Structure formats: C-alpha cells, structure tokens
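Undergrad: Sharing a structure, written as structure tokens. Questions coming.
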Amino acid sequence: MAQYNLTINGKSLNVDVDPSTPMLWVLRDHLDLVGTKFGCGIAQCGACTIHLDGNAVRSCQLPVSAAENAEITTIEGISEKGDHPVQKAWLEHDVPQCGYCQAGQIMSATALLKSNPSPNDEDIDNAMNGNICRCGTYTRIKAAIKTAAKSA
C-alpha cells in the first residue's frame, strides 16, 4: 500500500491503496464517487471515462500511481447543480435511456468541447469513438453535443 494525494474535482484527497489500483476503484470504493461506472474493465466501452488534466481517459485502466500529480475531474465535478451546457443539452435532447453509459459519454463530450468549441460531425465521431451506448442513442448524443457547442 502507498499514500497518494490526489486532486479530484478541485479538492485534495488522500488514499492509501496499492499503486496498481485502477482509478475507477479508487474513486468508487475508496472515495465514494460512484458516478463513474464500471463497464468492461478493458478500456473499450467508455463508461469509466474521467478527465486527467482535461483529457478524457478510461479510469478502469489508469493506475492511481499515474494520476498522483494530475488534475482529475469526474462526472460529479462537471457542475454542482447539473447545469453544465452538455448536461443541459443531454436533457433537452432526451439522450439518456438506461443511463448507464451517460457519465462516460458526458465526460468525453465535455473534454471535446473544451479542446474544440465548434466541432464538426467528424470531430464528434472521433472524440466519441469508443463510448458505447447499448441503447443506441448516438444520434441524440451528437445532436446534444452540437447544442452544447452553440450554448457554451
């Protein structure tokens, strides 16, 4: 076990975990930040997406030891009141169905819009590639991202 001082959602938090523990489990099991979901465990579905220094990364394959000096943002840190432009657009376009993938989808979309405030269809497709929605709401996801881009 090792002590890690992590910056998560703007707060300094300490954990005592094995260095190889994936950030997903640090967040969920040690810090009670359960918005980030487990989907596949092999970084292929996107349900576990978080931001590491503003970049969308899969937390199921990111060891805590690699995240110690980074700014980490989870779905809980996007906005306190659920009023981020992406979250508002998600509701406007009725994106969620079962909702399981939505945290990861939103995290990927917010990272995209931070780096590219006016994405075209190809930009959106590339940024969202690898985020699986079993309910198939991809058309609504793309529309919501376009709406969020206009309102941000």
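Within each chain, counting starts at residue 1; across the structure tokens, chains are named A, B, ... in the order shown, with ligands numbered 1 upward in that order.
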Produce a table with one row for each residue of stretch 54-83 of chain A that has an atom at most 9 Å from any atom of stretch 101-109 of chain A, each row naming the nearest atom pair and its distance in Å at one decimal; use only C-alpha atoms; arrange rows by chain and rising residue number; format as a Markdown table.

TA:
| residue | atom | partner | partner_atom | distance |
| --- | --- | --- | --- | --- |
| A:Asn55 | CA | A:Ser108 | CA | 8.4 |
| A:Ala56 | CA | A:Ser108 | CA | 5.6 |
| A:Val57 | CA | A:Ser108 | CA | 8.4 |
| A:Arg58 | CA | A:Gly104 | CA | 8.7 |
| A:Thr73 | CA | A:Met107 | CA | 8.7 |
| A:Thr74 | CA | A:Met107 | CA | 7.6 |
| A:Ile75 | CA | A:Ala103 | CA | 5.9 |
| A:Ile78 | CA | A:Met107 | CA | 8.1 |

Undergrad: Please write the residues from the selection above to a file, keeping all heavy atoms, as a PDB file, in the first residue's frame.

TA:
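Output file result05.pdb follows:
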ATOM      1  N   ASN A  55      -8.027  15.844 -20.250  1.00  0.00           N
ATOM      2  CA  ASN A  55      -8.166  14.855 -21.321  1.00  0.00           C
ATOM      3  C   ASN A  55      -9.051  13.698 -20.871  1.00  0.00           C
ATOM      4  O   ASN A  55      -8.929  13.227 -19.734  1.00  0.00           O
ATOM      5  CB  ASN A  55      -6.790  14.314 -21.718  1.00  0.00           C
ATOM      6  CG  ASN A  55      -5.899  15.398 -22.265  1.00  0.00           C
ATOM      7  OD1 ASN A  55      -6.267  16.099 -23.198  1.00  0.00           O
ATOM      8  ND2 ASN A  55      -4.731  15.555 -21.675  1.00  0.00           N
ATOM      9  N   ALA A  56      -9.900  13.229 -21.761  1.00  0.00           N
ATOM     10  CA  ALA A  56     -10.763  12.084 -21.459  1.00  0.00           C
ATOM     11  C   ALA A  56      -9.916  10.811 -21.436  1.00  0.00           C
ATOM     12  O   ALA A  56      -9.214  10.519 -22.410  1.00  0.00           O
ATOM     13  CB  ALA A  56     -11.872  11.966 -22.498  1.00  0.00           C
ATOM     14  N   VAL A  57      -9.948  10.098 -20.322  1.00  0.00           N
ATOM     15  CA  VAL A  57      -9.206   8.844 -20.172  1.00  0.00           C
ATOM     16  C   VAL A  57     -10.106   7.804 -19.524  1.00  0.00           C
ATOM     17  O   VAL A  57     -11.059   8.136 -18.825  1.00  0.00           O
ATOM     18  CB  VAL A  57      -7.908   9.009 -19.342  1.00  0.00           C
ATOM     19  CG1 VAL A  57      -6.939   9.966 -19.999  1.00  0.00           C
ATOM     20  CG2 VAL A  57      -8.223   9.448 -17.924  1.00  0.00           C
ATOM     21  N   ARG A  58      -9.791   6.550 -19.760  1.00  0.00           N
ATOM     22  CA  ARG A  58     -10.549   5.441 -19.176  1.00  0.00           C
ATOM     23  C   ARG A  58      -9.954   5.104 -17.810  1.00  0.00           C
ATOM     24  O   ARG A  58      -8.815   4.656 -17.707  1.00  0.00           O
ATOM     25  CB  ARG A  58     -10.501   4.217 -20.091  1.00  0.00           C
ATOM     26  CG  ARG A  58     -10.934   4.451 -21.525  1.00  0.00           C
ATOM     27  CD  ARG A  58     -12.355   4.967 -21.643  1.00  0.00           C
ATOM     28  NE  ARG A  58     -12.827   4.842 -23.011  1.00  0.00           N
ATOM     29  CZ  ARG A  58     -13.154   5.858 -23.783  1.00  0.00           C
ATOM     30  NH1 ARG A  58     -13.068   7.084 -23.322  1.00  0.00           N
ATOM     31  NH2 ARG A  58     -13.580   5.658 -25.012  1.00  0.00           N
ATOM     32  N   THR A  73     -10.959  15.091 -12.922  1.00  0.00           N
ATOM     33  CA  THR A  73     -12.360  15.527 -12.849  1.00  0.00           C
ATOM     34  C   THR A  73     -13.231  14.328 -13.147  1.00  0.00           C
ATOM     35  O   THR A  73     -13.005  13.606 -14.120  1.00  0.00           O
ATOM     36  CB  THR A  73     -12.656  16.654 -13.859  1.00  0.00           C
ATOM     37  OG1 THR A  73     -11.733  17.720 -13.664  1.00  0.00           O
ATOM     38  CG2 THR A  73     -14.077  17.179 -13.690  1.00  0.00           C
ATOM     39  N   THR A  74     -14.233  14.136 -12.301  1.00  0.00           N
ATOM     40  CA  THR A  74     -15.219  13.075 -12.504  1.00  0.00           C
ATOM     41  C   THR A  74     -16.546  13.720 -12.898  1.00  0.00           C
ATOM     42  O   THR A  74     -16.679  14.951 -12.882  1.00  0.00           O
ATOM     43  CB  THR A  74     -15.420  12.252 -11.213  1.00  0.00           C
ATOM     44  OG1 THR A  74     -16.046  13.089 -10.219  1.00  0.00           O
ATOM     45  CG2 THR A  74     -14.090  11.718 -10.686  1.00  0.00           C
ATOM     46  N   ILE A  75     -17.521  12.908 -13.186  1.00  0.00           N
ATOM     47  CA  ILE A  75     -18.844  13.434 -13.539  1.00  0.00           C
ATOM     48  C   ILE A  75     -19.393  14.313 -12.412  1.00  0.00           C
ATOM     49  O   ILE A  75     -20.057  15.309 -12.679  1.00  0.00           O
ATOM     50  CB  ILE A  75     -19.831  12.277 -13.905  1.00  0.00           C
ATOM     51  CG1 ILE A  75     -21.135  12.823 -14.482  1.00  0.00           C
ATOM     52  CG2 ILE A  75     -20.078  11.359 -12.728  1.00  0.00           C
ATOM     53  CD1 ILE A  75     -21.005  13.446 -15.841  1.00  0.00           C
ATOM     54  N   ILE A  78     -18.242  18.021 -12.881  1.00  0.00           N
ATOM     55  CA  ILE A  78     -18.601  18.810 -14.073  1.00  0.00           C
ATOM     56  C   ILE A  78     -19.398  20.051 -13.682  1.00  0.00           C
ATOM     57  O   ILE A  78     -19.150  21.135 -14.167  1.00  0.00           O
ATOM     58  CB  ILE A  78     -19.387  17.946 -15.092  1.00  0.00           C
ATOM     59  CG1 ILE A  78     -18.490  16.847 -15.650  1.00  0.00           C
ATOM     60  CG2 ILE A  78     -19.969  18.795 -16.216  1.00  0.00           C
ATOM     61  CD1 ILE A  78     -17.303  17.356 -16.448  1.00  0.00           C
TER      62      ILE A  78
END

Undergrad: Near stretch 62-72 of chain A, within 6 Å and counting only C-alpha atoms, which residues show up once chain neighbours fewer than 6 positions away are dropped, as a ChimeraX atom specification?

TA: /A:6-8,19-23,51-53

Undergrad: I need the residue nearest A:Gln87 from this list: A:Glu122, A:Asp18, A:Thr36, A:Ala148. Use only C-alpha atoms for the distance.

TA: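 Comparing A:Glu122, A:Asp18, A:Thr36, A:Ala148 against A:Gln87, the winner is A:Ala148.
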
Undergrad: Using DSSP secondary structure from the backbone, list all strand (DSSP E or B) positions within chain A, as a list in words.

TA: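 These are the residues in question: Ala2, Gln3, Tyr4, Asn5, Leu6, Thr7, Ile8, Lys11, Ser12, Leu13, Asn14, Val15, Asp16, Val17, Pro22, Thr49, Ile50, His51, Leu52, Asn55, Ala56, Val57, Arg58, Pro63, Glu71, Ile72 and Thr73 of chain A.
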
Undergrad: Just the number, please: distance in Å from atom CA of A:Asp121 to atom CA of A:Ala43, one decimal.

TA: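 Rounded to one decimal, the two atoms are 23.5 Å apart.
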
Undergrad: Which of these residues is nearest to A:Asp83, using only C-alpha atoms: A:Gln44, A:Ser151, A:Thr139, A:Asn120?

TA: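 Closest to A:Asp83 of all the choices is A:Ser151.
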
Undergrad: Here is a test: counting only C-alpha atoms, which residue of A:Cys98, A:Ile124, A:Leu24, A:Leu31 is nearest to A:Ser12?

TA: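 For A:Ser12, the nearest of the given residues is A:Leu31.
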
Undergrad: One number please: atom CA of A:Gln3 to atom CA of A:Asp29, in Å, one decimal.

TA: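 So the answer is 15.5 Å.
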
Undergrad: When you draw a straight line from atom CA of A:Phe38 to atom CA of A:Trp25, how long is it in Å?

TA: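 The value is 8.8 Å.
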
Undergrad: Restricting the calculation to only C-alpha atoms: of A:Asp123, A:Gly10, A:Ala144, A:Asn116, which residue gets closest to A:Asp94?

TA: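 So, comparing all the options, the nearest one is A:Ala144.
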
Undergrad: Extract, using only C-alpha atoms, all DNA, RNA and protein residues at most 10 Å from A:Cys135, discarding same-chain residues fewer than 6 positions from it, and format them as a ChimeraX atom specification.

TA: /A:95-101

Undergrad: Restricted to all heavy atoms, what would the selected residues look like written as a JSON list (two decimals), in the first residue's frame?

TA:
[["chain", "number", "residue", "atom", "x", "y", "z"],
["A", 95, "VAL", "N", -31.35, 12.37, -24.24],
["A", 95, "VAL", "CA", -30.31, 11.40, -24.55],
["A", 95, "VAL", "C", -30.40, 10.15, -23.67],
["A", 95, "VAL", "O", -30.39, 9.04, -24.19],
["A", 95, "VAL", "CB", -28.90, 12.04, -24.46],
["A", 95, "VAL", "CG1", -27.82, 10.98, -24.61],
["A", 95, "VAL", "CG2", -28.74, 13.11, -25.54],
["A", 96, "PRO", "N", -30.48, 10.29, -22.34],
["A", 96, "PRO", "CA", -30.42, 9.07, -21.52],
["A", 96, "PRO", "C", -31.62, 8.15, -21.70],
["A", 96, "PRO", "O", -32.75, 8.61, -21.80],
["A", 96, "PRO", "CB", -30.40, 9.59, -20.08],
["A", 96, "PRO", "CG", -30.09, 11.03, -20.17],
["A", 96, "PRO", "CD", -30.57, 11.49, -21.52],
["A", 97, "GLN", "N", -31.33, 6.89, -21.77],
["A", 97, "GLN", "CA", -32.39, 5.88, -21.69],
["A", 97, "GLN", "C", -32.12, 5.09, -20.43],
["A", 97, "GLN", "O", -32.59, 5.45, -19.37],
["A", 97, "GLN", "CB", -32.45, 5.04, -22.95],
["A", 97, "GLN", "CG", -33.00, 5.82, -24.10],
["A", 97, "GLN", "CD", -33.61, 4.96, -25.18],
["A", 97, "GLN", "OE1", -33.47, 3.75, -25.23],
["A", 97, "GLN", "NE2", -34.31, 5.60, -26.07],
["A", 98, "CYS", "N", -31.30, 4.05, -20.51],
["A", 98, "CYS", "CA", -30.97, 3.34, -19.27],
["A", 98, "CYS", "C", -30.04, 4.18, -18.42],
["A", 98, "CYS", "O", -30.03, 4.06, -17.20],
["A", 98, "CYS", "CB", -30.37, 1.96, -19.58],
["A", 98, "CYS", "SG", -28.61, 1.96, -19.97],
["A", 99, "GLY", "N", -29.23, 5.04, -19.05],
["A", 99, "GLY", "CA", -28.38, 5.97, -18.34],
["A", 99, "GLY", "C", -27.01, 5.45, -17.95],
["A", 99, "GLY", "O", -26.17, 6.22, -17.50],
["A", 100, "TYR", "N", -26.76, 4.17, -18.10],
["A", 100, "TYR", "CA", -25.53, 3.60, -17.58],
["A", 100, "TYR", "C", -24.28, 4.22, -18.19],
["A", 100, "TYR", "O", -23.32, 4.51, -17.50],
["A", 100, "TYR", "CB", -25.51, 2.07, -17.76],
["A", 100, "TYR", "CG", -24.48, 1.44, -16.86],
["A", 100, "TYR", "CD1", -24.78, 1.16, -15.55],
["A", 100, "TYR", "CD2", -23.20, 1.17, -17.32],
["A", 100, "TYR", "CE1", -23.84, 0.61, -14.70],
["A", 100, "TYR", "CE2", -22.25, 0.62, -16.49],
["A", 100, "TYR", "CZ", -22.58, 0.34, -15.17],
["A", 100, "TYR", "OH", -21.64, -0.18, -14.34],
["A", 101, "CYS", "N", -24.29, 4.46, -19.47],
["A", 101, "CYS", "CA", -23.09, 4.99, -20.16],
["A", 101, "CYS", "C", -22.99, 6.50, -20.10],
["A", 101, "CYS", "O", -21.98, 7.07, -20.51],
["A", 101, "CYS", "CB", -23.10, 4.55, -21.62],
["A", 101, "CYS", "SG", -24.37, 5.38, -22.62]]

Undergrad: Name the closest residue to A:His30 among the candidates A:Lys150, A:Cys48, A:Gly54, A:Tyr4; distances are taken between atoms, counting only C-alpha atoms.

TA: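 The answer is A:Tyr4, which sits nearest to A:His30.
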
Undergrad: Can you list every residue in stretch 76-137 of chain A that DSSP puts in helix (DSSP H, G or I), as an MDAnalysis selection string?

TA: chainID A and resid 76:77 85:92 102:115 121:128
